[in-house]
$ cat work04.tsv   # TSV, C-alpha atoms
chain	number	residue	atom	x	y	z
Y	16	ALA	CA	18.94	314.13	48.78
Y	17	ALA	CA	17.51	317.54	47.88
Y	18	LEU	CA	15.93	317.76	51.35
Y	19	VAL	CA	19.41	317.29	52.84
Y	20	GLY	CA	20.91	319.66	50.26
Y	21	GLN	CA	18.44	322.30	51.40
Y	22	THR	CA	19.47	321.57	55.04
Y	23	CYS	CA	15.87	320.87	56.01
Y	24	PHE	CA	16.86	319.03	59.18
Y	25	GLU	CA	14.09	320.29	61.45
Y	26	PRO	CA	10.53	318.87	61.58
Y	27	GLY	CA	8.23	321.05	59.49
Y	28	GLN	CA	10.90	322.28	57.09
Y	29	ALA	CA	10.03	321.56	53.47
Y	30	LYS	CA	11.52	321.79	50.01
Y	31	ASN	CA	10.04	321.67	46.52
Y	32	THR	CA	12.06	320.69	43.45
Y	33	TYR	CA	10.76	322.12	40.17
Y	34	GLY	CA	11.71	319.98	37.20
Y	35	THR	CA	9.68	318.08	34.62
Y	36	GLY	CA	7.36	317.52	37.56
Y	37	CYS	CA	7.53	318.72	41.15
Y	38	PHE	CA	8.64	316.71	44.15
Y	39	MET	CA	7.86	318.22	47.51
Y	40	LEU	CA	8.99	316.82	50.87
Y	41	MET	CA	8.41	317.89	54.45
Y	42	ASN	CA	10.64	316.68	57.27
Y	43	THR	CA	8.55	315.09	60.04
Y	44	GLY	CA	11.55	314.26	62.23
Y	45	GLU	CA	11.85	310.87	63.92
Y	46	LYS	CA	8.08	310.47	63.78
Y	47	ILE	CA	6.40	308.42	61.05
Y	48	VAL	CA	3.31	310.36	59.94
Y	49	PRO	CA	0.88	308.13	58.03
Y	50	SER	CA	-0.85	310.35	55.49
Y	51	THR	CA	-4.62	310.61	55.30
Y	52	LYS	CA	-4.48	313.42	52.74
Y	53	GLY	CA	-3.05	311.70	49.66
Y	54	LEU	CA	0.68	311.92	50.37
Y	55	LEU	CA	3.43	309.32	50.74
Y	56	THR	CA	5.24	308.61	53.99
Y	57	THR	CA	8.90	307.96	53.30
Y	58	VAL	CA	12.35	307.72	54.85
Y	59	ALA	CA	14.08	311.09	54.51
Y	60	TYR	CA	17.60	310.24	55.67
Y	61	LYS	CA	19.75	308.50	58.26
Y	62	LEU	CA	23.07	310.16	59.02
Y	63	GLY	CA	25.64	308.04	60.86
Y	64	GLN	CA	24.39	306.78	64.21
Y	65	GLN	CA	21.55	309.29	64.37
Y	66	PRO	CA	17.96	307.97	64.30
Y	67	VAL	CA	16.13	307.67	61.00
Y	68	HIS	CA	14.25	310.82	60.00
Y	69	TYR	CA	11.04	310.59	58.00
Y	70	ALA	CA	9.18	312.81	55.56
Y	71	LEU	CA	5.88	313.36	53.83
Y	72	GLU	CA	6.18	313.48	50.05
Y	73	GLY	CA	3.91	314.80	47.33
Y	74	SER	CA	4.57	314.20	43.62
Y	75	ILE	CA	3.18	316.43	40.86
Y	76	ALA	CA	3.30	314.99	37.36
Y	77	MET	CA	3.44	318.05	35.09
Y	78	THR	CA	5.11	321.36	35.78
Y	79	GLY	CA	8.16	322.02	33.60
Y	80	SER	CA	6.90	319.43	31.13
Y	81	LEU	CA	3.75	321.54	30.64
Y	82	VAL	CA	5.93	324.42	29.48
Y	83	GLN	CA	7.65	322.03	27.06
Y	84	TRP	CA	4.23	320.88	25.82
Y	85	CYS	CA	3.26	324.48	25.09
Y	86	ARG	CA	6.51	324.85	23.16
Y	87	ASP	CA	6.43	321.59	21.21
Y	88	ASN	CA	2.71	320.81	20.82
Y	89	LEU	CA	1.07	324.24	20.78
Y	90	GLY	CA	3.99	326.25	19.40
Y	91	ILE	CA	3.08	329.37	21.39
Y	92	ILE	CA	6.74	329.84	22.45
Y	93	ASP	CA	10.03	329.14	20.67
Y	94	LYS	CA	11.99	328.14	23.78
Y	95	SER	CA	10.95	327.29	27.31
Y	96	SER	CA	12.35	330.47	28.83
Y	97	ASP	CA	10.02	332.54	26.60
Y	98	ILE	CA	7.04	331.49	28.75
Y	99	GLU	CA	7.83	334.11	31.39
Y	100	SER	CA	7.86	337.15	29.12
Y	101	LEU	CA	4.72	335.96	27.32
Y	102	ALA	CA	2.91	335.38	30.63
Y	103	ALA	CA	4.10	338.73	31.99
Y	104	SER	CA	2.63	340.58	29.00
Y	105	VAL	CA	-0.80	340.38	30.67
Y	106	PRO	CA	-1.59	341.59	34.21
Y	107	ASP	CA	-3.42	338.43	35.29
Y	108	ASN	CA	-4.72	335.09	34.02
Y	109	GLY	CA	-7.91	336.55	32.55
Y	110	ASP	CA	-9.83	333.91	34.55
Y	111	VAL	CA	-8.12	331.13	32.56
Y	112	TYR	CA	-6.99	328.00	34.45
Y	113	PHE	CA	-5.02	325.07	33.06
Y	114	VAL	CA	-5.24	321.72	34.87
Y	115	PRO	CA	-2.47	319.55	33.33
Y	116	ALA	CA	-3.96	316.16	34.19
Y	117	PHE	CA	-2.60	314.60	30.99
Y	118	SER	CA	-2.21	311.21	32.65
Y	119	GLY	CA	-4.43	311.81	35.65
Y	120	LEU	CA	-3.83	313.83	38.79
Y	121	TYR	CA	-1.09	312.89	41.23
Y	122	ALA	CA	-0.78	314.08	44.85
Y	123	PRO	CA	-2.89	314.85	46.71
Y	124	TYR	CA	-5.78	313.77	44.47
Y	125	TRP	CA	-4.65	310.47	42.89
Y	126	ARG	CA	-7.34	310.46	40.22
Y	127	SER	CA	-6.43	308.38	37.19
Y	128	ASP	CA	-9.77	309.31	35.59
Y	129	ALA	CA	-8.79	313.00	35.29
Y	130	ARG	CA	-7.62	314.59	32.06
Y	131	GLY	CA	-6.24	317.99	31.17
Y	132	VAL	CA	-8.59	320.95	30.80
Y	133	ILE	CA	-8.31	324.67	30.09
Y	134	THR	CA	-11.22	326.47	31.72
Y	135	GLY	CA	-12.58	330.00	31.70
Y	136	LEU	CA	-11.89	330.68	28.03
Y	137	THR	CA	-13.66	333.65	26.46
Y	138	GLY	CA	-13.06	335.73	23.35
Y	139	PHE	CA	-10.85	337.93	25.52
Y	140	ALA	CA	-8.32	335.14	26.19
Y	141	THR	CA	-5.02	335.09	24.32
Y	142	LYS	CA	-1.97	332.84	24.24
Y	143	ALA	CA	-0.50	335.09	26.92
Y	144	HIS	CA	-3.32	334.19	29.30
Y	145	ILE	CA	-2.76	330.52	28.54
Y	146	ALA	CA	0.97	330.95	29.22
Y	147	ARG	CA	0.19	332.61	32.54
Y	148	ALA	CA	-2.25	329.81	33.42
Y	149	VAL	CA	0.49	327.28	32.62
Y	150	LEU	CA	2.88	328.86	35.15
Y	151	GLU	CA	0.17	329.40	37.74
Y	152	ALA	CA	-0.81	325.72	37.51
Y	153	THR	CA	2.58	324.80	39.00
Y	154	ALA	CA	2.00	327.12	41.97
Y	155	TYR	CA	-1.56	325.89	42.54
Y	156	GLN	CA	-0.51	322.25	42.47
Y	157	THR	CA	2.29	323.01	44.94
Y	158	LEU	CA	-0.21	324.76	47.22
Y	159	ASP	CA	-2.51	321.72	47.12
Y	160	VAL	CA	0.35	319.45	48.25
Y	161	LEU	CA	1.47	321.92	50.92
Y	162	LEU	CA	-2.03	322.16	52.39
Y	163	ALA	CA	-2.16	318.35	52.55
Y	164	MET	CA	1.22	318.27	54.29
Y	165	GLN	CA	0.16	320.81	56.88
Y	166	ALA	CA	-3.08	318.93	57.53
Y	167	ASP	CA	-1.24	315.61	57.95
Y	168	SER	CA	1.58	316.94	60.12
Y	169	GLY	CA	-0.22	319.63	62.07
Y	170	ILE	CA	2.73	321.93	61.28
Y	171	THR	CA	2.40	325.31	59.58
Y	172	LEU	CA	5.29	326.16	57.28
Y	173	ASP	CA	7.46	329.21	57.99
Y	174	ALA	CA	9.11	329.17	54.54
Y	175	LEU	CA	9.30	327.02	51.44
Y	176	ASN	CA	12.75	326.08	50.15
Y	177	VAL	CA	12.78	325.64	46.38
Y	178	ASP	CA	15.22	324.40	43.75
Y	179	GLY	CA	15.29	323.20	40.16
Y	180	GLY	CA	15.18	324.84	36.77
Y	181	MET	CA	11.86	326.67	37.13
Y	182	THR	CA	13.16	328.70	40.08
Y	183	ALA	CA	14.78	330.97	37.47
Y	184	ASN	CA	11.27	332.09	36.50
Y	185	ASN	CA	10.68	335.24	38.54
Y	186	LEU	CA	6.98	335.51	37.73
Y	187	LEU	CA	6.38	331.94	38.92
Y	188	MET	CA	8.41	332.34	42.11
Y	189	GLN	CA	6.55	335.51	43.12
Y	190	PHE	CA	3.21	333.87	42.39
Y	191	GLN	CA	4.30	330.79	44.33
Y	192	ALA	CA	5.12	332.93	47.38
Y	193	ASP	CA	1.78	334.69	47.03
Y	194	MET	CA	-0.18	331.44	46.90
Y	195	VAL	CA	1.57	329.55	49.73
Y	196	HIS	CA	1.61	332.81	51.74
Y	197	VAL	CA	5.08	332.19	53.18
Y	198	PRO	CA	8.51	333.31	51.95
Y	199	VAL	CA	10.03	331.23	49.14
Y	200	HIS	CA	13.79	330.72	49.39
Y	201	VAL	CA	16.01	329.97	46.38
Y	202	PRO	CA	19.44	328.66	47.45
Y	203	MET	CA	22.82	329.82	46.15
Y	204	VAL	CA	23.50	326.28	44.88
Y	205	ASN	CA	20.49	325.24	42.83
Y	206	GLU	CA	21.61	321.65	42.20
Y	207	THR	CA	20.53	320.59	45.67
Y	208	THR	CA	20.13	316.89	44.89
Y	209	CYS	CA	23.84	316.62	44.03
Y	210	LEU	CA	24.66	318.87	46.98
Y	211	GLY	CA	22.70	316.65	49.39
Y	212	ALA	CA	24.58	313.56	48.24
Y	213	ALA	CA	27.87	315.46	48.70
Y	214	TYR	CA	26.79	316.60	52.17
Y	215	ALA	CA	26.02	313.01	53.20
Y	216	ALA	CA	29.36	311.80	51.83
Y	217	GLY	CA	31.16	314.65	53.60
Y	218	LEU	CA	29.54	313.75	56.92
Y	219	ALA	CA	30.44	310.07	56.46
Y	220	SER	CA	34.07	310.87	55.62
Y	221	GLY	CA	34.48	313.42	58.38
Y	222	TYR	CA	34.88	316.42	56.07
Y	223	TRP	CA	31.81	317.91	57.76
Y	224	LYS	CA	31.61	317.45	61.53
Y	225	SER	CA	27.85	317.85	61.98
Y	226	VAL	CA	24.64	319.04	60.38
Y	227	GLU	CA	25.31	322.39	62.07
Y	228	ASP	CA	28.27	322.81	59.70
Y	229	LEU	CA	25.94	322.14	56.77
Y	230	LYS	CA	23.42	324.69	58.03
Y	231	ALA	CA	26.20	327.27	58.35
Y	232	ASN	CA	27.29	326.52	54.76
Y	233	HIS	CA	23.76	326.93	53.36
Y	234	GLN	CA	23.21	330.27	51.62
Y	235	ILE	CA	20.06	331.83	50.18
Y	236	ASN	CA	20.38	333.46	46.77
Y	237	LYS	CA	16.93	335.05	46.63
Y	238	ARG	CA	13.90	335.41	48.89
Y	239	TRP	CA	10.42	335.91	47.50
Y	240	GLN	CA	7.95	337.50	49.92
Y	241	PRO	CA	4.17	337.04	49.61
Y	242	ALA	CA	2.52	340.28	48.51
Y	243	MET	CA	-0.95	339.26	47.30
Y	244	ASP	CA	-4.16	340.43	48.96
Y	245	GLN	CA	-5.72	337.61	51.00
Y	246	ASP	CA	-9.14	337.90	49.33
Y	247	LEU	CA	-7.60	337.64	45.86
Y	248	ARG	CA	-5.49	334.65	46.88
Y	249	HIS	CA	-8.55	332.92	48.28
Y	250	HIS	CA	-10.56	333.71	45.13
Y	251	LEU	CA	-7.86	332.34	42.81
Y	252	HIS	CA	-7.53	329.10	44.76
Y	253	LEU	CA	-11.29	328.57	44.77
Y	254	ARG	CA	-11.34	329.00	40.99
Y	255	TRP	CA	-8.44	326.55	40.68
Y	256	GLN	CA	-10.33	323.99	42.75
Y	257	LYS	CA	-13.35	324.51	40.51
Y	258	ALA	CA	-11.14	323.85	37.49
Y	259	ILE	CA	-9.86	320.66	39.17
Y	260	GLY	CA	-13.46	319.51	39.45
Y	261	LYS	CA	-13.92	319.99	35.69
Y	262	SER	CA	-10.98	317.68	34.97
Y	263	LEU	CA	-12.44	314.67	36.83
Y	264	ASP	CA	-14.45	311.67	35.55
Y	265	TRP	CA	-13.24	311.89	31.94
Y	266	ILE	CA	-12.14	308.25	31.81

$ encode --input "work04.tsv" --output "structure tokens"
Amino acid sequence: AALVGQTCFEPGQAKNTYGTGCFMLMNTGEKIVPSTKGLLTTVAYKLGQQPVHYALEGSIAMTGSLVQWCRDNLGIIDKSSDIESLAASVPDNGDVYFVPAFSGLYAPYWRSDARGVITGLTGFATKAHIARAVLEATAYQTLDVLLAMQADSGITLDALNVDGGMTANNLLMQFQADMVHVPVHVPMVNETTCLGAAYAAGLASGYWKSVEDLKANHQINKRWQPAMDQDLRHHLHLRWQKAIGKSLDWI
């Protein structure tokens, strides 16, 4: 429904919903693309007499819930929205990485033996570095799913459409654009799951005449452009992958 709400009707268009976890889908059109990279192949939608359209899907277990864990279990913030200002109080992550594999890793790894780790800690690290690592973990996990989608589909993304509560976090959205290295688009209507259901109902009832009407109705509230140096982006992702390796084989 959120894919439809984001008007991702063309093959290769993708959306990511940031909630307790993240749910990312890429439209693959009328073609079923069996995943070899740890994703799910699913039905995206069928509108009226049009053919069925399919999608690749990647599920991430802990994104917003990791912020809640920092609030409730660690007590380093009083409310979830405080995570941004705390993370922004330091210029970078201080080489701290947080892999939130509390119940294993989901897409694209599917490792039930993994458990959560915080790596790179030194005497220099503070709660602000941990807060920044918490937000960055969401962007890294999204990048991992996106890379799997591009490898499965053979399509390179032009932009990533995003929605959900965490899109209000400016630091995260900029870092997300930097890591996926394409523009990140936040829509005017953030409740895209509800909007997608309304769009489908409107098409069925004749309120909307075609998907072209839906595309014309879709408005972008904010665009985040990638601005990070390529060498730094590559370095950060390599360190994240190293941290992933530290989380494996615990169980």

$ axis_aligned_box --input "work04.tsv" --around "range 113-117 of chain Y" --padding-each-side "5 Å" --output "lines of an AutoDock Vina configuration file"
center_x = -3.9
center_y = 319.8
center_z = 32.9
size_x = 12.8
size_y = 20.5
size_z = 13.9

$ closest_residue --input "work04.tsv" --among "Y:Pro241, Y:Pro198, Y:Gly138, Y:Gly73" --to "Lys52 in chain Y" --atoms "only C-alpha atoms"
Y:Gly73

$ residues_near_point --input "work04.tsv" --point "(8.0, 339.0, 34.4)" --cutoff "12 Å" --atoms "all atoms listed in the file" --output "JSON, numbers by chain"
{"Y": [96, 97, 98, 99, 100, 101, 102, 103, 104, 105, 106, 107, 143, 146, 147, 150, 183, 184, 185, 186, 187, 188, 189, 190]}

$ closest_residue --input "work04.tsv" --among "Y:Ala216, Y:Ala116, Y:Val226, Y:Thr43" --to "Ala129 in chain Y" --atoms "only C-alpha atoms"
Y:Ala116

$ residues_around --input "work04.tsv" --residues "Leu175 in chain Y" --least-positions-apart "4" --cutoff "6 Å" --atoms "only C-alpha atoms" --output "MDAnalysis selection string"
chainID Y and resid 29:30 199

$ write_last_selection --input "work04.tsv" --atoms "C-alpha atoms" --output "PDB file, in the coordinates of the input"
ATOM      1  CA  ALA Y  29      10.030 321.560  53.470  1.00  0.00           C
ATOM      2  CA  LYS Y  30      11.520 321.790  50.010  1.00  0.00           C
ATOM      3  CA  VAL Y 199      10.030 331.230  49.140  1.00  0.00           C
TER       4      VAL Y 199
END

$ residues_near_point --input "work04.tsv" --point "(14.3, 326.7, 46.6)" --cutoff "8 Å" --atoms "all atoms listed in the file" --output "VMD selection string"
chain Y and resid 21 30 to 32 175 to 179 182 199 to 202 205

$ atom_distance --input "work04.tsv" --atom1 "CA of Leu210 in chain Y" --atom2 "CA of Ser50 in chain Y"
28.2 Å

$ atom_distance --input "work04.tsv" --atom1 "CA of His233 in chain Y" --atom2 "CA of Ser220 in chain Y"
19.2 Å

$ residues_around --input "work04.tsv" --residues "range 153-167 of chain Y" --least-positions-apart "6" --cutoff "8 Å" --atoms "only C-alpha atoms" --output "list in words"
Cys37, Met39, Met41, Val48, Pro49, Ser50, Thr51, Lys52, Gly53, Leu54, Leu71, Gly73, Ile75, Met77, Thr78, Ala122, Pro123, Leu187, Phe190, Gln191, Met194, Val195, His252 and Trp255 of chain Y

$ atom_distance --input "work04.tsv" --atom1 "CA of Ala192 in chain Y" --atom2 "CA of Ala242 in chain Y"
7.9 Å

$ residues_around --input "work04.tsv" --residues "Pro115 in chain Y" --least-positions-apart "4" --cutoff "12 Å" --atoms "only C-alpha atoms" --output "NGL selection string"
:Y and (36 or 75-82 or 84-85 or 119-121 or 129-134 or 145 or 148-153 or 155-156 or 255 or 258-259 or 261-263)

$ closest_residue --input "work04.tsv" --among "Y:Val204, Y:Gly20, Y:Ile91, Y:Lys46" --to "Lys237 in chain Y" --atoms "all atoms listed in the file"
Y:Val204

$ closest_residue --input "work04.tsv" --among "Y:Leu62, Y:Leu18, Y:Ala70, Y:Cys23" --to "Lys224 in chain Y" --atoms "all atoms listed in the file"
Y:Leu62

$ closest_residue --input "work04.tsv" --among "Y:Gln234, Y:Gln83, Y:Gln28, Y:Gln245" --to "Ser95 in chain Y" --atoms "all atoms listed in the file"
Y:Gln83

$ decode --input "work04.tsv" --residues "range 114-136 of chain Y" --atoms "N, CA and C atoms" --output "compact mmCIF listing (two decimals), in the first residue's frame"
# COMPACT_ATOMS: atom_id res chain seq x y z
N VAL Y 114 25.25 -2.49 15.74
CA VAL Y 114 24.51 -3.48 14.94
C VAL Y 114 23.37 -3.99 15.82
N PRO Y 115 22.11 -3.63 15.53
CA PRO Y 115 21.00 -3.97 16.42
C PRO Y 115 20.39 -5.34 16.11
N ALA Y 116 21.22 -6.36 16.16
CA ALA Y 116 20.74 -7.72 15.85
C ALA Y 116 20.20 -8.37 17.12
N PHE Y 117 19.23 -7.73 17.77
CA PHE Y 117 18.72 -8.21 19.05
C PHE Y 117 18.04 -9.57 18.93
N SER Y 118 17.45 -9.83 17.79
CA SER Y 118 16.83 -11.15 17.56
C SER Y 118 17.32 -11.72 16.24
N GLY Y 119 18.59 -11.47 15.94
CA GLY Y 119 19.16 -11.89 14.67
C GLY Y 119 19.10 -10.78 13.65
N LEU Y 120 19.69 -11.03 12.50
CA LEU Y 120 19.67 -10.08 11.40
C LEU Y 120 18.64 -10.51 10.37
N TYR Y 121 17.85 -9.56 9.90
CA TYR Y 121 16.88 -9.82 8.84
C TYR Y 121 17.54 -9.56 7.49
N ALA Y 122 16.75 -9.12 6.52
CA ALA Y 122 17.27 -8.92 5.15
C ALA Y 122 18.47 -7.96 5.16
N PRO Y 123 19.45 -8.23 4.29
CA PRO Y 123 19.55 -9.38 3.39
C PRO Y 123 20.36 -10.55 3.96
N TYR Y 124 20.61 -10.52 5.27
CA TYR Y 124 21.52 -11.50 5.86
C TYR Y 124 20.82 -12.78 6.30
N TRP Y 125 19.68 -12.62 7.02
CA TRP Y 125 18.93 -13.76 7.55
C TRP Y 125 19.83 -14.66 8.39
N ARG Y 126 20.36 -14.06 9.47
CA ARG Y 126 21.23 -14.80 10.38
C ARG Y 126 20.61 -14.77 11.78
N SER Y 127 20.00 -15.88 12.15
CA SER Y 127 19.36 -15.97 13.47
C SER Y 127 20.39 -16.11 14.58
N ASP Y 128 21.64 -16.41 14.22
CA ASP Y 128 22.70 -16.58 15.21
C ASP Y 128 23.33 -15.24 15.62
N ALA Y 129 22.96 -14.16 14.95
CA ALA Y 129 23.55 -12.85 15.24
C ALA Y 129 22.92 -12.23 16.48
N ARG Y 130 23.68 -11.41 17.16
CA ARG Y 130 23.18 -10.64 18.30
C ARG Y 130 23.78 -9.24 18.25
N GLY Y 131 23.14 -8.32 18.97
CA GLY Y 131 23.53 -6.93 18.90
C GLY Y 131 24.92 -6.67 19.45
N VAL Y 132 25.65 -5.79 18.79
CA VAL Y 132 26.98 -5.39 19.24
C VAL Y 132 27.17 -3.89 19.04
N ILE Y 133 27.95 -3.28 19.92
CA ILE Y 133 28.46 -1.92 19.72
C ILE Y 133 29.96 -2.05 19.59
N THR Y 134 30.50 -1.65 18.45
CA THR Y 134 31.93 -1.83 18.18
C THR Y 134 32.64 -0.48 18.09
N GLY Y 135 33.95 -0.54 18.23
CA GLY Y 135 34.78 0.65 18.08
C GLY Y 135 34.84 1.53 19.30
N LEU Y 136 34.39 1.04 20.45
CA LEU Y 136 34.39 1.86 21.66
C LEU Y 136 35.81 2.13 22.15
